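Raw contents of input_9.cif, mmCIF, C-alpha atoms:
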```
data_run
loop_
_atom_site.label_atom_id
_atom_site.label_comp_id
_atom_site.auth_asym_id
_atom_site.auth_seq_id
_atom_site.Cartn_x
_atom_site.Cartn_y
_atom_site.Cartn_z
CA MET A 1 0.00 0.00 0.00
CA SER A 2 1.56 3.29 -1.04
CA SER A 3 1.23 6.53 0.85
CA GLN A 4 -0.37 9.72 -0.40
CA ILE A 5 1.35 12.93 0.65
CA PRO A 6 -1.26 14.86 2.64
CA ASP A 7 -2.29 18.39 1.69
CA GLY A 8 0.00 21.04 3.08
CA PHE A 9 3.04 18.79 3.35
CA ASP A 10 4.27 19.89 -0.11
CA LEU A 11 6.60 17.02 -0.86
CA ASP A 12 7.43 14.50 -3.54
CA LEU A 13 7.26 10.87 -2.41
CA ASN A 14 10.67 10.41 -4.04
CA GLY A 15 12.09 12.86 -1.50
CA LEU A 16 11.40 10.50 1.39
CA CYS A 17 13.80 8.06 3.02
CA GLU A 18 12.24 4.84 4.25
CA MET A 19 12.91 2.42 7.09
CA VAL A 20 10.91 -0.70 7.84
CA VAL A 21 11.36 -2.11 11.33
CA ARG A 22 10.13 -5.06 13.34
CA ASN A 23 7.18 -4.55 15.63
CA ASP A 24 8.85 -4.26 19.02
CA LEU A 25 9.87 -1.29 21.17
CA ARG A 26 13.59 -1.89 20.78
CA SER A 27 13.39 -1.97 16.98
CA ALA A 28 11.11 1.08 17.12
CA LYS A 29 14.07 3.08 18.47
CA LEU A 30 16.09 2.59 15.29
CA PRO A 31 14.33 5.21 13.13
CA GLU A 32 14.42 7.61 16.07
CA ASP A 33 18.20 7.30 16.38
CA THR A 34 18.67 7.91 12.64
CA ILE A 35 16.23 10.82 12.46
CA LEU A 36 17.53 12.61 15.56
CA ALA A 37 21.10 12.29 14.30
CA GLU A 38 19.98 13.99 11.07
CA LEU A 39 18.28 16.78 13.03
CA ASN A 40 21.45 17.38 15.02
CA ARG A 41 23.49 17.37 11.81
CA HIS A 42 21.20 20.12 10.46
CA GLY A 43 21.68 22.13 13.66
CA TYR A 44 18.08 22.05 14.87
CA SER A 45 17.57 23.53 18.34
CA GLU A 46 17.37 21.41 21.48
CA ASP A 47 13.68 22.23 21.80
CA THR A 48 12.94 21.06 18.27
CA VAL A 49 14.90 17.85 18.78
CA PHE A 50 13.02 17.27 22.05
CA ALA A 51 9.69 17.85 20.27
CA VAL A 52 10.44 15.50 17.38
CA LYS A 53 11.82 12.82 19.70
CA LEU A 54 8.71 12.96 21.88
CA ALA A 55 6.25 12.92 18.96
CA LEU A 56 8.08 10.15 17.12
CA GLU A 57 8.36 8.02 20.24
CA GLU A 58 4.64 8.39 20.90
CA ALA A 59 3.79 7.55 17.27
CA MET A 60 6.05 4.49 17.29
CA THR A 61 4.68 3.27 20.61
CA ASN A 62 1.13 3.65 19.32
CA ALA A 63 2.09 1.73 16.17
CA VAL A 64 3.66 -1.15 18.12
CA LYS A 65 1.02 -1.45 20.82
CA HIS A 66 -2.27 -0.18 19.45
CA GLY A 67 -1.85 -0.46 15.68
CA ASN A 68 0.05 -3.73 15.36
CA LYS A 69 -1.14 -4.94 18.77
CA CYS A 70 2.35 -6.18 19.70
CA ASP A 71 2.18 -8.79 16.89
CA PRO A 72 5.81 -9.76 16.14
CA THR A 73 4.96 -10.79 12.57
CA LYS A 74 3.94 -7.23 11.69
CA ARG A 75 6.18 -4.34 10.65
CA ILE A 76 6.26 -0.56 11.00
CA THR A 77 7.15 1.65 8.05
CA VAL A 78 8.72 5.04 8.71
CA ARG A 79 9.25 7.56 5.92
CA TYR A 80 11.00 10.83 6.57
CA HIS A 81 12.36 13.95 4.96
CA ILE A 82 14.73 16.18 6.89
CA ALA A 83 15.55 19.52 5.32
CA PRO A 84 17.17 22.64 6.80
CA GLN A 85 13.81 24.28 7.52
CA ARG A 86 11.42 21.40 8.13
CA VAL A 87 11.08 17.80 9.21
CA ILE A 88 8.43 15.45 7.84
CA ILE A 89 7.87 11.99 9.32
CA MET A 90 5.29 9.36 8.43
CA VAL A 91 4.68 6.32 10.63
CA ARG A 92 2.51 3.49 9.30
CA ASP A 93 1.49 0.28 11.04
CA GLU A 94 -0.31 -2.76 9.68
CA GLY A 95 -3.30 -2.48 11.97
CA CYS A 96 -6.87 -1.64 11.09
CA GLY A 97 -6.51 2.04 11.95
CA PHE A 98 -8.34 4.37 14.29
CA HIS A 99 -10.09 7.72 14.21
CA PRO A 100 -8.26 10.32 16.32
CA ASP A 101 -11.55 12.14 17.03
CA THR A 102 -12.69 9.15 19.06
CA VAL A 103 -9.81 9.46 21.54
CA PRO A 104 -11.06 11.17 24.73
CA ASP A 105 -9.48 14.44 25.89
CA PRO A 106 -6.90 13.34 28.50
CA THR A 107 -6.96 16.76 30.18
CA ALA A 108 -10.70 16.59 30.95
CA ALA A 109 -11.43 16.30 34.66
CA GLU A 110 -12.93 12.81 34.27
CA ASN A 111 -9.84 11.57 32.39
CA ILE A 112 -6.98 13.41 34.08
CA GLU A 113 -6.11 10.50 36.36
CA ARG A 114 -6.31 7.85 33.65
CA PRO A 115 -2.85 6.39 33.01
CA ASN A 116 -3.27 6.17 29.21
CA GLY A 117 -4.34 8.35 26.30
CA ARG A 118 -1.84 11.22 26.24
CA GLY A 119 0.34 10.22 23.28
CA ILE A 120 -1.84 11.64 20.51
CA MET A 121 -2.35 14.88 22.39
CA LEU A 122 1.40 15.28 22.84
CA ILE A 123 2.03 14.64 19.13
CA HIS A 124 -0.45 17.41 18.25
CA SER A 125 1.02 19.75 20.85
CA TYR A 126 4.61 19.41 19.70
CA MET A 127 4.23 19.14 15.92
CA THR A 128 3.39 21.99 13.54
CA LYS A 129 0.93 19.87 11.57
CA VAL A 130 -0.42 16.34 12.02
CA TYR A 131 -2.44 14.37 9.50
CA TYR A 132 -4.02 10.92 9.77
CA SER A 133 -4.73 8.93 6.63
CA PRO A 134 -8.38 7.98 6.06
CA SER A 135 -7.40 4.36 6.77
CA GLY A 136 -6.27 5.51 10.21
CA ASN A 137 -3.08 3.46 10.32
CA GLU A 138 -0.75 6.16 9.03
CA VAL A 139 0.21 9.42 10.71
CA TRP A 140 2.10 12.26 9.02
CA MET A 141 3.90 14.81 11.19
CA LEU A 142 5.43 18.11 10.08
CA LYS A 143 7.73 20.23 12.25
CA LEU A 144 9.01 23.59 11.07
CA ARG A 145 12.40 24.79 12.22
CA ASP A 146 12.53 26.47 15.62
CA GLU A 147 8.88 27.36 15.62
CA PRO A 148 7.75 28.53 19.05
CA ARG A 149 5.20 26.14 20.51
CA ASN A 150 1.79 27.64 21.32
CA MET B 1 21.96 4.51 53.10
CA GLU B 2 21.78 3.78 49.41
CA GLN B 3 20.05 0.68 48.12
CA PRO B 4 21.39 -0.92 44.98
CA SER B 5 18.86 -0.97 42.17
CA SER B 6 19.11 -1.22 38.41
CA HIS B 7 17.16 1.94 37.58
CA LEU B 8 16.77 3.88 40.80
CA LYS B 9 18.99 5.39 43.48
CA VAL B 10 17.13 5.46 46.77
CA ARG B 11 18.19 7.21 49.97
CA ARG B 12 16.44 8.20 53.19
CA ALA B 13 16.30 11.79 54.38
CA ASP B 14 14.25 12.76 57.46
CA GLY B 15 11.82 9.90 57.03
CA VAL B 16 11.40 10.53 53.30
CA SER B 17 12.45 8.09 50.59
CA VAL B 18 14.28 10.19 48.02
CA VAL B 19 14.51 8.55 44.62
CA GLU B 20 16.75 9.61 41.78
CA PHE B 21 16.80 7.99 38.37
CA ALA B 22 20.06 6.31 37.49
CA ASP B 23 20.06 7.09 33.78
CA ARG B 24 19.01 10.19 31.83
CA LYS B 25 16.94 8.21 29.37
CA ILE B 26 15.34 5.76 31.75
CA LEU B 27 11.92 7.27 31.36
CA GLU B 28 11.69 6.03 27.82
CA GLU B 29 9.14 3.43 26.90
CA LEU B 30 11.57 0.52 26.96
CA SER B 31 12.39 0.68 30.65
CA ILE B 32 9.34 2.38 32.09
CA GLN B 33 7.61 -0.83 33.08
CA GLU B 34 10.64 -1.99 35.06
CA ILE B 35 10.92 1.40 36.76
CA GLY B 36 7.24 1.30 37.65
CA GLU B 37 7.68 -2.14 39.16
CA GLU B 38 10.70 -1.00 41.21
CA LEU B 39 8.77 1.99 42.52
CA ASP B 40 5.78 -0.25 43.32
CA ARG B 41 7.99 -2.52 45.39
CA LEU B 42 9.39 0.49 47.23
CA VAL B 43 5.91 1.82 48.03
CA GLU B 44 4.83 -1.60 49.29
CA THR B 45 7.64 -1.70 51.84
CA GLU B 46 6.16 1.11 53.90
CA ALA B 47 2.55 2.09 54.59
CA GLY B 48 2.15 5.86 54.46
CA ILE B 49 5.40 6.28 52.57
CA LYS B 50 6.71 9.77 51.95
CA LEU B 51 8.26 9.60 48.50
CA LEU B 52 10.19 12.26 46.64
CA LEU B 53 11.03 11.64 42.99
CA ASN B 54 13.95 13.81 41.98
CA PHE B 55 14.06 14.37 38.21
CA LYS B 56 17.44 16.10 38.12
CA ASN B 57 18.96 13.33 35.98
CA VAL B 58 16.04 13.07 33.59
CA ASP B 59 16.05 14.83 30.24
CA HIS B 60 13.27 12.98 28.46
CA LEU B 61 9.99 11.27 29.21
CA SER B 62 7.05 9.80 27.35
CA SER B 63 3.33 9.48 27.94
CA ALA B 64 4.04 5.98 29.26
CA ALA B 65 6.13 7.55 32.02
CA LEU B 66 3.30 9.93 32.85
CA GLY B 67 0.94 6.96 33.06
CA MET B 68 3.33 5.18 35.39
CA LEU B 69 3.51 8.26 37.65
CA ILE B 70 -0.29 8.55 37.76
CA THR B 71 -0.65 4.90 38.74
CA LEU B 72 2.08 5.29 41.36
CA ASN B 73 0.44 8.41 42.81
CA LYS B 74 -2.90 6.59 43.16
CA LYS B 75 -1.25 3.65 44.88
CA ILE B 76 0.58 5.91 47.33
CA LYS B 77 -2.62 7.80 48.15
CA GLU B 78 -4.48 4.53 48.73
CA ARG B 79 -1.80 3.62 51.23
CA LYS B 80 -2.10 7.03 52.95
CA GLY B 81 1.31 8.14 51.74
CA SER B 82 2.42 11.21 49.82
CA LEU B 83 4.35 11.78 46.61
CA LYS B 84 6.22 14.90 45.56
CA LEU B 85 8.30 15.59 42.46
CA SER B 86 11.26 17.94 42.18
CA ASP B 87 14.00 19.26 39.90
CA ILE B 88 12.01 18.84 36.69
CA ASN B 89 13.74 20.61 33.81
CA ARG B 90 12.02 23.21 31.64
CA GLN B 91 11.30 20.91 28.70
CA ILE B 92 9.83 18.16 30.83
CA PHE B 93 7.82 20.56 32.98
CA GLU B 94 6.26 21.76 29.72
CA VAL B 95 5.00 18.20 29.12
CA PHE B 96 3.37 18.25 32.58
CA LYS B 97 1.76 21.61 31.78
CA ILE B 98 0.43 20.53 28.37
CA THR B 99 -1.17 17.46 29.90
CA LYS B 100 -2.31 19.50 32.95
CA LEU B 101 -0.59 16.99 35.19
CA ASN B 102 1.17 19.85 36.96
CA LYS B 103 -2.22 20.20 38.74
CA VAL B 104 -2.28 16.52 39.72
CA PHE B 105 1.24 16.25 41.11
CA GLU B 106 2.89 18.33 43.79
CA ILE B 107 5.95 19.68 42.01
CA HIS B 108 8.77 21.63 43.68
CA ASP B 109 11.72 23.45 42.15
CA SER B 110 14.26 21.64 44.33
CA ALA B 111 14.55 18.55 46.52
CA GLU B 112 15.23 20.80 49.53
CA GLN B 113 11.94 22.63 49.03
CA ALA B 114 10.06 19.38 48.57
CA LEU B 115 11.59 17.83 51.70
CA ALA B 116 10.66 20.85 53.77
CA GLY B 117 7.02 20.38 52.77
CA PHE B 118 6.49 16.76 53.86
#
```
Serialized structure, structure tokens:
Amino acid sequence: MSSQIPDGFDLDLNGLCEMVVRNDLRSAKLPEDTILAELNRHGYSEDTVFAVKLALEEAMTNAVKHGNKCDPTKRITVRYHIAPQRVIIMVRDEGCGFHPDTVPDPTAAENIERPNGRGIMLIHSYMTKVYYSPSGNEVWMLKLRDEPRN
Amino acid sequence: MEQPSSHLKVRRADGVSVVEFADRKILEELSIQEIGEELDRLVETEAGIKLLLNFKNVDHLSSAALGMLITLNKKIKERKGSLKLSDINRQIFEVFKITKLNKVFEIHDSAEQALAGF
């Protein structure tokens, strides 16, 4: 299944690097190590590196646990483009997808003491733009260089 | 007195168990379950435990770590104890603010301040 570049991400699919990793948390660190090294090479600020690390880790964890449901026969595909002014990362699992609107607000009083459900909110908070494919098993994240977080 | 532990450094100060994390990246997803289990065991050793988690060595955390802290806080409250956090760096404190967990946890700038408040 091939990805479609979402609106607003302004990118050619040929401009993306790709990594496919096994569906476990240790393997899920491999794209993170590669991508963060690239960010550092481009001189991104500590805050931007922190933001991308956090968002990517949450997306990978969701892919391993919720998307692929810890199934060791499944894989996670990561595509990324790291330029001097922006970072684009796509994470796709082999699960049946979900609709982000159905995830309850973890900051609501009735949910604040629930131990789960903060990953998606953190991705949205730290990334400039986030897009979910209609199939719900692919998330695209865009981070612009040194953009102050709201 | 320091107790050997793979992820935590624990010492006693004025009746409070002061916990530091042994590795800067320990709050990542991979080790968070083990850390949660170690903290659980510590809480179970003492009813009404006074526990201070010092974040001075921590420069990253994930939502899984936040979940672990929430579960730990509930367990400590059930056992009539108290939990305080200290020395959280700017970037990590921002994560607590975004998730509004700075309202759930008692957070102090320094371990000294936290200890004075138990």
Chain and number of each residue from the PyMOL selection byres ((chain B) within 8 of (chain A)), as an MDAnalysis selection string: chainID B and resid 29:30 60:64 66:68 70:71 91 95 98:101 104
Same residues, C-alpha atoms, saved as an mmCIF file, in the coordinates of the input:
```cif
data_model
loop_
_atom_site.group_PDB
_atom_site.id
_atom_site.type_symbol
_atom_site.label_atom_id
_atom_site.label_comp_id
_atom_site.auth_asym_id
_atom_site.auth_seq_id
_atom_site.Cartn_x
_atom_site.Cartn_y
_atom_site.Cartn_z
ATOM 1 C CA GLU B 29 9.140 3.430 26.900
ATOM 2 C CA LEU B 30 11.570 0.520 26.960
ATOM 3 C CA HIS B 60 13.270 12.980 28.460
ATOM 4 C CA LEU B 61 9.990 11.270 29.210
ATOM 5 C CA SER B 62 7.050 9.800 27.350
ATOM 6 C CA SER B 63 3.330 9.480 27.940
ATOM 7 C CA ALA B 64 4.040 5.980 29.260
ATOM 8 C CA LEU B 66 3.300 9.930 32.850
ATOM 9 C CA GLY B 67 0.940 6.960 33.060
ATOM 10 C CA MET B 68 3.330 5.180 35.390
ATOM 11 C CA ILE B 70 -0.290 8.550 37.760
ATOM 12 C CA THR B 71 -0.650 4.900 38.740
ATOM 13 C CA GLN B 91 11.300 20.910 28.700
ATOM 14 C CA VAL B 95 5.000 18.200 29.120
ATOM 15 C CA ILE B 98 0.430 20.530 28.370
ATOM 16 C CA THR B 99 -1.170 17.460 29.900
ATOM 17 C CA LYS B 100 -2.310 19.500 32.950
ATOM 18 C CA LEU B 101 -0.590 16.990 35.190
ATOM 19 C CA VAL B 104 -2.280 16.520 39.720
#
```
- prompt: Which protein, DNA or RNA residues are at most 6 Å from (14.6, 14.0, 39.2) in the file's coordinates when you count all atoms listed in the file, listed as a VMD selection string?
  reply: chain B and resid 20 53 to 58 86 to 87
query: How many Å lie between atom CA of Gln33 of chain B and atom CA of His7 of chain B, rounded to one decimal?
result: 10.9 Å
task: Just give me the gap between atom CA of Ala63 of chain A and atom CA of Asp93 of chain A in Å, one decimal is fine.
output: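 Distance between the two atoms: 5.4 Å.
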field: Selection under test: the PyMOL selection byres ((chain B and resi 37) around 12); residues as a VMD selection string
entry: chain B and resid 5 to 8 31 to 36 38 to 44 68 to 69 71 to 72
query: Between atom CA of Gln4 of chain A and atom CA of Glu138 of chain A, what is the distance, to one decimal in Å?
result: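 Spanning atom CA of Gln4 of chain A to atom CA of Glu138 of chain A is a straight-line distance of 10.1 Å.
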- request: Starting from the shown file, work through the PyMOL selection byres ((chain A and resi 85) around 10) and note down what comes out as a list in words.
  value: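 For this structure, the PyMOL selection byres ((chain A and resi 85) around 10) resolves to His42, Tyr44, Ile82, Ala83, Pro84, Arg86, Val87, Lys143, Leu144, Arg145, Asp146 and Glu147 of chain A.
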task: Would you kindly return, as a ChimeraX atom specification, each protein, DNA or RNA residue with an atom no farther than 9 Å from any atom of segment 65-74 of chain A, considering all atoms listed in the file and excluding same-chain residues fewer than 6 positions away?
output: /A:22-25,92-98,137
Would you save the residues of that selection, restricted to C-alpha atoms, as an mmCIF file, in the coordinates of the input?
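Output saved as again00.cif:
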```
data_model
loop_
_atom_site.group_PDB
_atom_site.id
_atom_site.type_symbol
_atom_site.label_atom_id
_atom_site.label_comp_id
_atom_site.auth_asym_id
_atom_site.auth_seq_id
_atom_site.Cartn_x
_atom_site.Cartn_y
_atom_site.Cartn_z
ATOM 1 C CA ARG A 22 10.130 -5.060 13.340
ATOM 2 C CA ASN A 23 7.180 -4.550 15.630
ATOM 3 C CA ASP A 24 8.850 -4.260 19.020
ATOM 4 C CA LEU A 25 9.870 -1.290 21.170
ATOM 5 C CA ARG A 92 2.510 3.490 9.300
ATOM 6 C CA ASP A 93 1.490 0.280 11.040
ATOM 7 C CA GLU A 94 -0.310 -2.760 9.680
ATOM 8 C CA GLY A 95 -3.300 -2.480 11.970
ATOM 9 C CA CYS A 96 -6.870 -1.640 11.090
ATOM 10 C CA GLY A 97 -6.510 2.040 11.950
ATOM 11 C CA PHE A 98 -8.340 4.370 14.290
ATOM 12 C CA ASN A 137 -3.080 3.460 10.320
#
```
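With all atoms listed in the file as the atoms that count, the residue of A:Val139, A:Leu56, A:Leu16, A:Asp7 with the shortest distance to Leu30 of chain A is A:Leu56.
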query: Using only C-alpha atoms, which of the listed residues (B:Leu52, B:Ala47, B:Ala116, B:Ile92) sits closest to Lys77 of chain B?
result: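 Of all the options, B:Ala47 lies closest to Lys77 of chain B.
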query: Using all atoms listed in the file, which of the listed residues (B:Glu112, B:Lys9, B:Phe105, B:Lys50) sits closest to Leu85 of chain B?
result: B:Phe105
